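Source file: my_file.tsv; contents: TSV, C-alpha atoms and all ligand atoms.
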```tsv
chain	number	residue	atom	x	y	z
A	103	MET	CA	0.00	0.00	0.00
A	104	THR	CA	1.20	3.51	-0.78
A	105	THR	CA	2.58	5.50	2.16
A	106	ILE	CA	2.57	9.29	2.12
A	107	ALA	CA	6.22	10.30	2.66
A	108	LEU	CA	5.80	13.40	4.84
A	109	TYR	CA	9.58	13.85	5.05
A	110	ARG	CA	9.70	14.69	1.35
A	111	ASP	CA	8.00	18.03	2.00
A	112	ASP	CA	9.34	18.73	5.49
A	113	PHE	CA	12.83	17.56	6.40
A	114	TYR	CA	12.40	18.87	9.96
A	115	LEU	CA	9.29	16.84	10.79
A	116	SER	CA	10.41	14.56	13.63
A	117	THR	CA	7.01	13.34	14.87
A	118	ALA	CA	3.69	12.56	13.17
A	119	GLU	CA	0.55	10.52	13.71
A	120	ALA	CA	-0.14	7.51	11.54
A	121	VAL	CA	-2.39	4.48	11.16
A	122	VAL	CA	-1.04	0.97	10.56
A	123	THR	CA	-2.17	-0.28	7.14
A	124	SER	CA	-0.30	-3.59	6.99
A	125	VAL	CA	1.96	-5.82	9.10
A	126	HIS	CA	4.08	-8.28	7.10
A	127	GLU	CA	4.98	-11.79	8.19
A	128	ASP	CA	8.59	-10.69	8.74
A	129	GLY	CA	7.42	-7.89	11.05
A	130	ALA	CA	7.71	-4.97	8.62
A	131	VAL	CA	5.02	-2.35	9.31
A	132	GLU	CA	3.33	-0.18	6.67
A	133	LEU	CA	1.61	3.09	7.62
A	134	ASP	CA	-0.77	5.51	5.87
A	135	GLN	CA	1.90	8.22	6.24
A	136	THR	CA	5.33	8.55	7.76
A	137	CYS	CA	8.07	10.98	8.77
A	138	PHE	CA	10.64	8.13	8.82
A	139	TYR	CA	13.07	8.50	5.92
A	140	ALA	CA	13.38	5.28	3.92
A	141	ALA	CA	16.97	4.35	3.01
A	142	SER	CA	17.76	5.67	-0.46
A	143	GLY	CA	20.43	7.42	-2.49
A	144	GLY	CA	23.23	6.68	-0.02
A	145	GLN	CA	21.37	7.99	3.04
A	146	PRO	CA	20.44	5.34	5.64
A	147	GLY	CA	16.83	4.96	6.78
A	148	ASP	CA	15.59	6.46	10.03
A	149	THR	CA	15.44	4.74	13.39
A	150	GLY	CA	13.33	5.80	16.38
A	151	PHE	CA	10.13	4.48	17.94
A	152	PHE	CA	6.36	4.19	17.62
A	153	GLU	CA	4.35	5.39	20.61
A	154	ARG	CA	1.16	3.36	21.16
A	155	GLU	CA	-2.08	4.70	22.64
A	156	ASP	CA	-1.24	3.21	26.07
A	157	GLY	CA	2.10	5.06	26.01
A	158	SER	CA	4.26	1.99	25.43
A	159	ARG	CA	6.91	2.03	22.73
A	160	ILE	CA	7.95	-0.07	19.75
A	161	GLN	CA	11.62	0.53	18.90
A	162	LEU	CA	12.45	0.62	15.21
A	163	GLY	CA	15.60	-0.83	13.71
A	164	GLU	CA	15.33	0.34	10.12
A	165	THR	CA	13.19	2.04	7.49
A	166	ARG	CA	13.46	1.08	3.84
A	167	HIS	CA	11.51	0.96	0.61
A	168	GLY	CA	9.54	-2.11	-0.42
A	169	ALA	CA	9.37	-3.49	-3.95
A	170	ALA	CA	8.17	-0.10	-5.22
A	171	LYS	CA	9.40	3.37	-4.27
A	172	ASP	CA	6.01	4.38	-2.81
A	173	ILE	CA	6.07	1.50	-0.32
A	174	ILE	CA	7.84	2.21	2.96
A	175	LEU	CA	8.64	-0.60	5.40
A	176	HIS	CA	9.31	0.13	9.09
A	177	ARG	CA	11.00	-2.77	10.79
A	178	PRO	CA	10.87	-3.02	14.60
A	179	LEU	CA	13.96	-4.34	16.39
A	180	ASP	CA	13.97	-8.08	17.13
A	181	GLY	CA	11.84	-8.92	20.15
A	182	GLU	CA	9.72	-5.75	19.97
A	183	PRO	CA	5.91	-6.10	19.97
A	184	LEU	CA	4.11	-5.62	16.64
A	185	PRO	CA	1.18	-3.21	16.22
A	186	SER	CA	-2.17	-4.28	14.71
A	187	VAL	CA	-3.67	-3.14	11.42
A	188	GLY	CA	-5.83	-0.07	12.08
A	189	GLU	CA	-3.87	0.90	15.21
A	190	LYS	CA	-3.05	4.58	15.66
A	191	LEU	CA	0.57	5.42	16.46
A	192	VAL	CA	2.65	8.49	17.12
A	193	LEU	CA	5.91	8.28	15.21
A	194	HIS	CA	9.13	9.58	16.76
A	195	VAL	CA	12.24	9.80	14.60
A	196	ASP	CA	15.62	9.51	16.41
A	197	TRP	CA	16.18	13.18	15.67
A	198	GLN	CA	19.76	13.45	16.95
A	199	ARG	CA	20.82	10.79	14.47
A	200	ARG	CA	18.70	12.09	11.60
A	201	TYR	CA	19.91	15.67	12.06
A	202	LYS	CA	23.53	14.47	11.85
A	203	LEU	CA	22.63	12.61	8.65
A	204	MET	CA	21.03	15.80	7.25
A	205	ARG	CA	24.15	17.82	8.06
A	206	MET	CA	26.42	15.14	6.59
A	207	HIS	CA	24.25	14.73	3.50
A	208	THR	CA	24.36	18.48	2.86
A	209	ALA	CA	28.15	18.37	3.34
A	210	CYS	CA	28.35	15.77	0.55
A	211	HIS	CA	26.60	18.22	-1.80
A	212	LEU	CA	29.08	20.95	-0.82
A	213	LEU	CA	31.95	18.56	-1.52
A	214	SER	CA	30.61	18.01	-5.04
A	215	VAL	CA	30.81	21.80	-5.52
A	216	VAL	CA	34.40	22.00	-4.25
A	217	CYS	CA	35.36	18.90	-6.28
A	218	PRO	CA	33.49	19.22	-9.57
A	219	TYR	CA	34.15	15.67	-10.79
A	220	PRO	CA	31.63	12.93	-11.64
A	221	ILE	CA	30.46	11.09	-8.51
A	222	THR	CA	30.72	7.30	-8.71
A	223	GLY	CA	29.36	6.49	-5.26
A	224	ALA	CA	28.38	7.97	-1.92
A	225	ALA	CA	27.38	6.80	1.54
A	226	VAL	CA	26.09	9.17	4.20
A	227	GLY	CA	26.84	8.19	7.80
A	228	GLU	CA	26.19	9.81	11.16
A	229	ASP	CA	29.90	9.95	12.03
A	230	GLU	CA	31.59	9.72	8.65
A	231	SER	CA	30.44	9.99	5.04
A	232	ARG	CA	32.26	9.01	1.90
A	233	VAL	CA	32.02	10.27	-1.65
A	234	ASP	CA	33.82	8.61	-4.55
A	235	PHE	CA	34.85	10.70	-7.54
A	236	ASP	CA	35.97	9.73	-11.00
A	237	MET	CA	39.23	11.72	-10.98
A	238	SER	CA	42.95	11.08	-11.34
A	239	GLU	CA	44.22	14.41	-9.99
A	240	THR	CA	45.93	14.69	-6.62
A	241	ILE	CA	44.20	17.19	-4.42
A	242	ASP	CA	45.20	18.65	-1.05
A	243	LYS	CA	42.72	17.61	1.63
A	244	ASP	CA	43.34	20.66	3.80
A	245	GLN	CA	42.54	22.89	0.84
A	246	VAL	CA	39.30	20.95	0.27
A	247	THR	CA	38.42	21.35	3.97
A	248	SER	CA	38.99	25.09	3.85
A	249	ASP	CA	36.92	25.43	0.63
A	250	LEU	CA	34.13	23.41	2.27
A	251	MET	CA	34.17	25.52	5.43
A	252	LYS	CA	34.02	28.68	3.30
A	253	LEU	CA	30.73	27.45	1.77
A	254	VAL	CA	29.45	26.51	5.25
A	255	GLY	CA	30.39	29.94	6.66
A	256	GLU	CA	28.75	31.83	3.77
A	257	ASN	CA	25.44	30.36	4.98
A	258	HIS	CA	23.80	29.72	1.62
A	259	PRO	CA	20.12	28.77	1.63
A	260	VAL	CA	19.35	25.15	0.72
A	261	THR	CA	15.96	24.78	-0.96
A	262	LEU	CA	14.02	22.24	-3.02
A	263	GLN	CA	12.60	22.62	-6.48
A	264	TRP	CA	10.39	20.00	-8.05
A	265	ILE	CA	10.69	18.98	-11.69
A	266	THR	CA	8.96	16.17	-13.55
A	267	ASP	CA	10.73	12.93	-14.54
A	268	ASP	CA	10.31	14.10	-18.17
A	269	GLU	CA	12.00	17.45	-17.50
A	270	LEU	CA	14.91	15.59	-15.91
A	271	ALA	CA	15.13	13.21	-18.89
A	272	ALA	CA	15.31	16.26	-21.16
A	273	ASN	CA	18.19	17.77	-19.13
A	274	PRO	CA	20.56	14.90	-18.34
A	275	GLY	CA	23.41	17.38	-17.77
A	276	ILE	CA	22.13	18.33	-14.31
A	277	VAL	CA	22.93	14.88	-12.91
A	278	LYS	CA	26.43	14.72	-11.39
A	279	SER	CA	26.43	11.10	-10.37
A	280	LYS	CA	27.68	8.57	-12.87
A	281	ASN	CA	26.39	5.34	-11.37
A	282	VAL	CA	23.83	6.58	-8.87
A	283	ARG	CA	20.39	6.84	-10.42
A	284	PRO	CA	18.51	10.07	-9.68
A	285	PRO	CA	15.33	9.57	-7.62
A	286	VAL	CA	12.92	9.02	-10.54
A	287	GLY	CA	9.86	6.79	-10.55
A	288	LEU	CA	7.45	8.93	-8.53
A	289	GLY	CA	6.60	11.28	-11.43
A	290	ARG	CA	8.45	14.18	-9.82
A	291	VAL	CA	12.07	14.65	-8.80
A	292	SER	CA	13.40	17.03	-6.19
A	293	LEU	CA	16.30	19.26	-7.12
A	294	VAL	CA	18.40	20.31	-4.15
A	295	CYS	CA	19.38	23.95	-4.77
A	296	ILE	CA	22.15	25.68	-2.85
A	297	GLY	CA	22.48	29.46	-2.94
A	298	GLU	CA	20.14	32.24	-4.08
A	299	ASN	CA	18.83	31.17	-7.51
A	300	SER	CA	20.86	27.94	-7.14
A	301	ASP	CA	24.04	29.90	-7.83
A	302	VAL	CA	26.16	27.48	-5.77
A	303	ASP	CA	24.69	24.17	-6.94
A	304	SER	CA	21.62	22.22	-7.95
A	305	GLN	CA	21.41	18.46	-8.06
A	306	PRO	CA	18.57	15.93	-8.21
A	307	CYS	CA	18.41	14.18	-4.83
A	308	GLY	CA	15.70	12.53	-2.75
A	309	GLY	CA	17.54	12.73	0.59
A	310	THR	CA	17.07	15.07	3.53
A	311	HIS	CA	19.16	18.23	3.92
A	312	VAL	CA	19.51	21.17	6.31
A	313	SER	CA	17.95	24.49	5.25
A	314	GLU	CA	21.10	26.63	5.26
A	315	THR	CA	24.74	25.67	4.92
A	316	GLN	CA	25.78	27.06	8.33
A	317	GLU	CA	23.79	24.25	9.99
A	318	VAL	CA	26.33	21.77	8.61
A	319	GLY	CA	28.75	23.06	11.26
A	320	ALA	CA	32.43	22.17	11.43
A	321	ILE	CA	33.43	19.39	9.02
A	322	HIS	CA	36.70	18.30	7.49
A	323	ILE	CA	38.15	15.86	5.01
A	324	ALA	CA	39.72	13.16	7.16
A	325	LYS	CA	41.19	11.18	4.30
A	326	ILE	CA	41.46	10.97	0.53
A	327	GLU	CA	42.07	7.41	-0.64
A	328	LYS	CA	43.18	6.27	-4.05
A	329	LYS	CA	40.77	3.58	-5.20
A	330	GLY	CA	42.11	2.65	-8.59
A	331	LYS	CA	43.70	4.87	-11.21
A	332	GLU	CA	40.69	7.09	-11.74
A	333	ASN	CA	38.84	6.92	-8.47
A	334	ARG	CA	39.32	8.94	-5.29
A	335	ARG	CA	37.42	8.29	-2.08
A	336	PHE	CA	36.87	11.31	0.19
A	337	ARG	CA	35.97	10.75	3.84
A	338	ILE	CA	34.11	13.61	5.55
A	339	ARG	CA	33.97	13.86	9.34
A	340	PHE	CA	32.49	16.32	11.78
A	341	GLY	CA	34.69	18.69	13.76
A	342	THR	CA	38.00	20.33	12.96
A	343	PRO	CA	40.93	18.35	11.51
A	344	GLU	CA	43.08	16.47	14.01
A	345	THR	CA	46.55	17.90	14.13
B	1	ZN	ZN	21.14	15.13	-1.25
```

Show me this structure written as structure tokens.
Amino acid sequence: MTTIALYRDDFYLSTAEAVVTSVHEDGAVELDQTCFYAASGGQPGDTGFFEREDGSRIQLGETRHGAAKDIILHRPLDGEPLPSVGEKLVLHVDWQRRYKLMRMHTACHLLSVVCPYPITGAAVGEDESRVDFDMSETIDKDQVTSDLMKLVGENHPVTLQWITDDELAANPGIVKSKNVRPPVGLGRVSLVCIGENSDVDSQPCGGTHVSETQEVGAIHIAKIEKKGKENRRFRIRFGTPET
């Protein structure tokens, strides 16, 4: 059954009410709507808990898509009770974790501005993120960190623009990732725009991001690894570089 993905229109929604529409044999729970981000595009799914009407909690281990993109499966941790179909729940996202993922995810976009090479892979993490670029150049990681922190400090707005799948197909040049498919299949695609009039960057992406670059906070490039002749793996961490 289709789930309304509330997080698509409000990245800062950490709680919401929902009704259980289906409980699978393996324990996965479907809801009429959700603020839990389903793992996609390199960003892990949300964790957190469901609050039942009697105040008890069901702790969630993961959120991911089902066979189709409009199906969202919430999987409780092993040993947790399962809700019943028709039951009303209050959803609580583990906001500390999600907010870190939003900051990190936005940092990955900034890195793609500082390093304008095709992206071959990316994984957003709460402590460390990595972005792989198709590049053979050697680049100074401290310079990349200082360019990143300049963009953070300039506090550019981060906004969403919606375009149709057809508009995206007509403008393939706006996609920076080589192997990562843009989030098509729902009829509309969100473009993440950084800067007034997208003057810093715009990139199709279905993940969650902070609303201005200053929220990213202190980040640095911890490591640049050579993964093959034409591949460089950048590791982003929070905080200032260790000296
Ligand atoms: Zn993104």

- Write out as a PyMOL selection string each polymer residue (protein, DNA or RNA) that has an atom no more than 6 Å from ligand ZN 1 (chain B), with all atoms listed in the file counted. chain A and resi 207+307+309

Go ahead and write the residues just picked, C-alpha atoms, as a tab-separated table (two decimals), in the frame of the given file.
```tsv
chain	number	residue	atom	x	y	z
A	207	HIS	CA	24.25	14.73	3.50
A	307	CYS	CA	18.41	14.18	-4.83
A	309	GLY	CA	17.54	12.73	0.59
```

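Between Leu250 in chain A and the residues A:Thr208, A:Ser300, A:Gln263, A:Thr222, the shortest atom-to-atom distance, using all atoms listed in the file, involves A:Thr208.
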
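You can rank A:Ser124, A:Asn299, A:Thr261, A:Thr104 by their closest distance to Glu189 in chain A using all atoms listed in the file, and at the top of that list sits A:Ser124.
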
| query | Hey, what's within 8 Å of Leu175 in chain A if we count only C-alpha atoms and toss same-chain stuff fewer than 3 positions away? As a ChimeraX atom specification, please? | reply | /A:130-132,140,165-168

From CA of Thr105 in chain A to CA of Leu191 in chain A the spacing works out at 14.4 Å

In terms of all atoms listed in the file, the residue from A:Ile323, A:Leu288, A:Leu179, A:Ala120 at minimal distance from Ile265 in chain A is A:Leu288

Q.
Set the distance at 10 Å and use all atoms listed in the file: which residues neighbour Ala324 in chain A once local chain neighbours fewer than 3 positions away are removed? I'd like the list as JSON, numbers by chain.
A. {"A": [230, 243, 244, 247, 321, 327, 336, 337, 338, 339, 340, 341, 342, 343, 344]}

- Surrounding residues of Gly289 in chain A excluding itself and chain neighbours under 2 positions, 8 Å, only C-alpha atoms, as an MDAnalysis selection string: chainID A and resid 266:267 286:287 291

Can you write just those residues out, C-alpha atoms, as a PDB file, keeping the file's coordinate frame?
```pdb
ATOM      1  CA  THR A 266       8.960  16.170 -13.550  1.00  0.00           C
ATOM      2  CA  ASP A 267      10.730  12.930 -14.540  1.00  0.00           C
ATOM      3  CA  VAL A 286      12.920   9.020 -10.540  1.00  0.00           C
ATOM      4  CA  GLY A 287       9.860   6.790 -10.550  1.00  0.00           C
ATOM      5  CA  VAL A 291      12.070  14.650  -8.800  1.00  0.00           C
TER       6      VAL A 291
END
```

One decimal place gives the CA of Glu155 in chain A-CA of Val192 in chain A separation as 8.2 Å
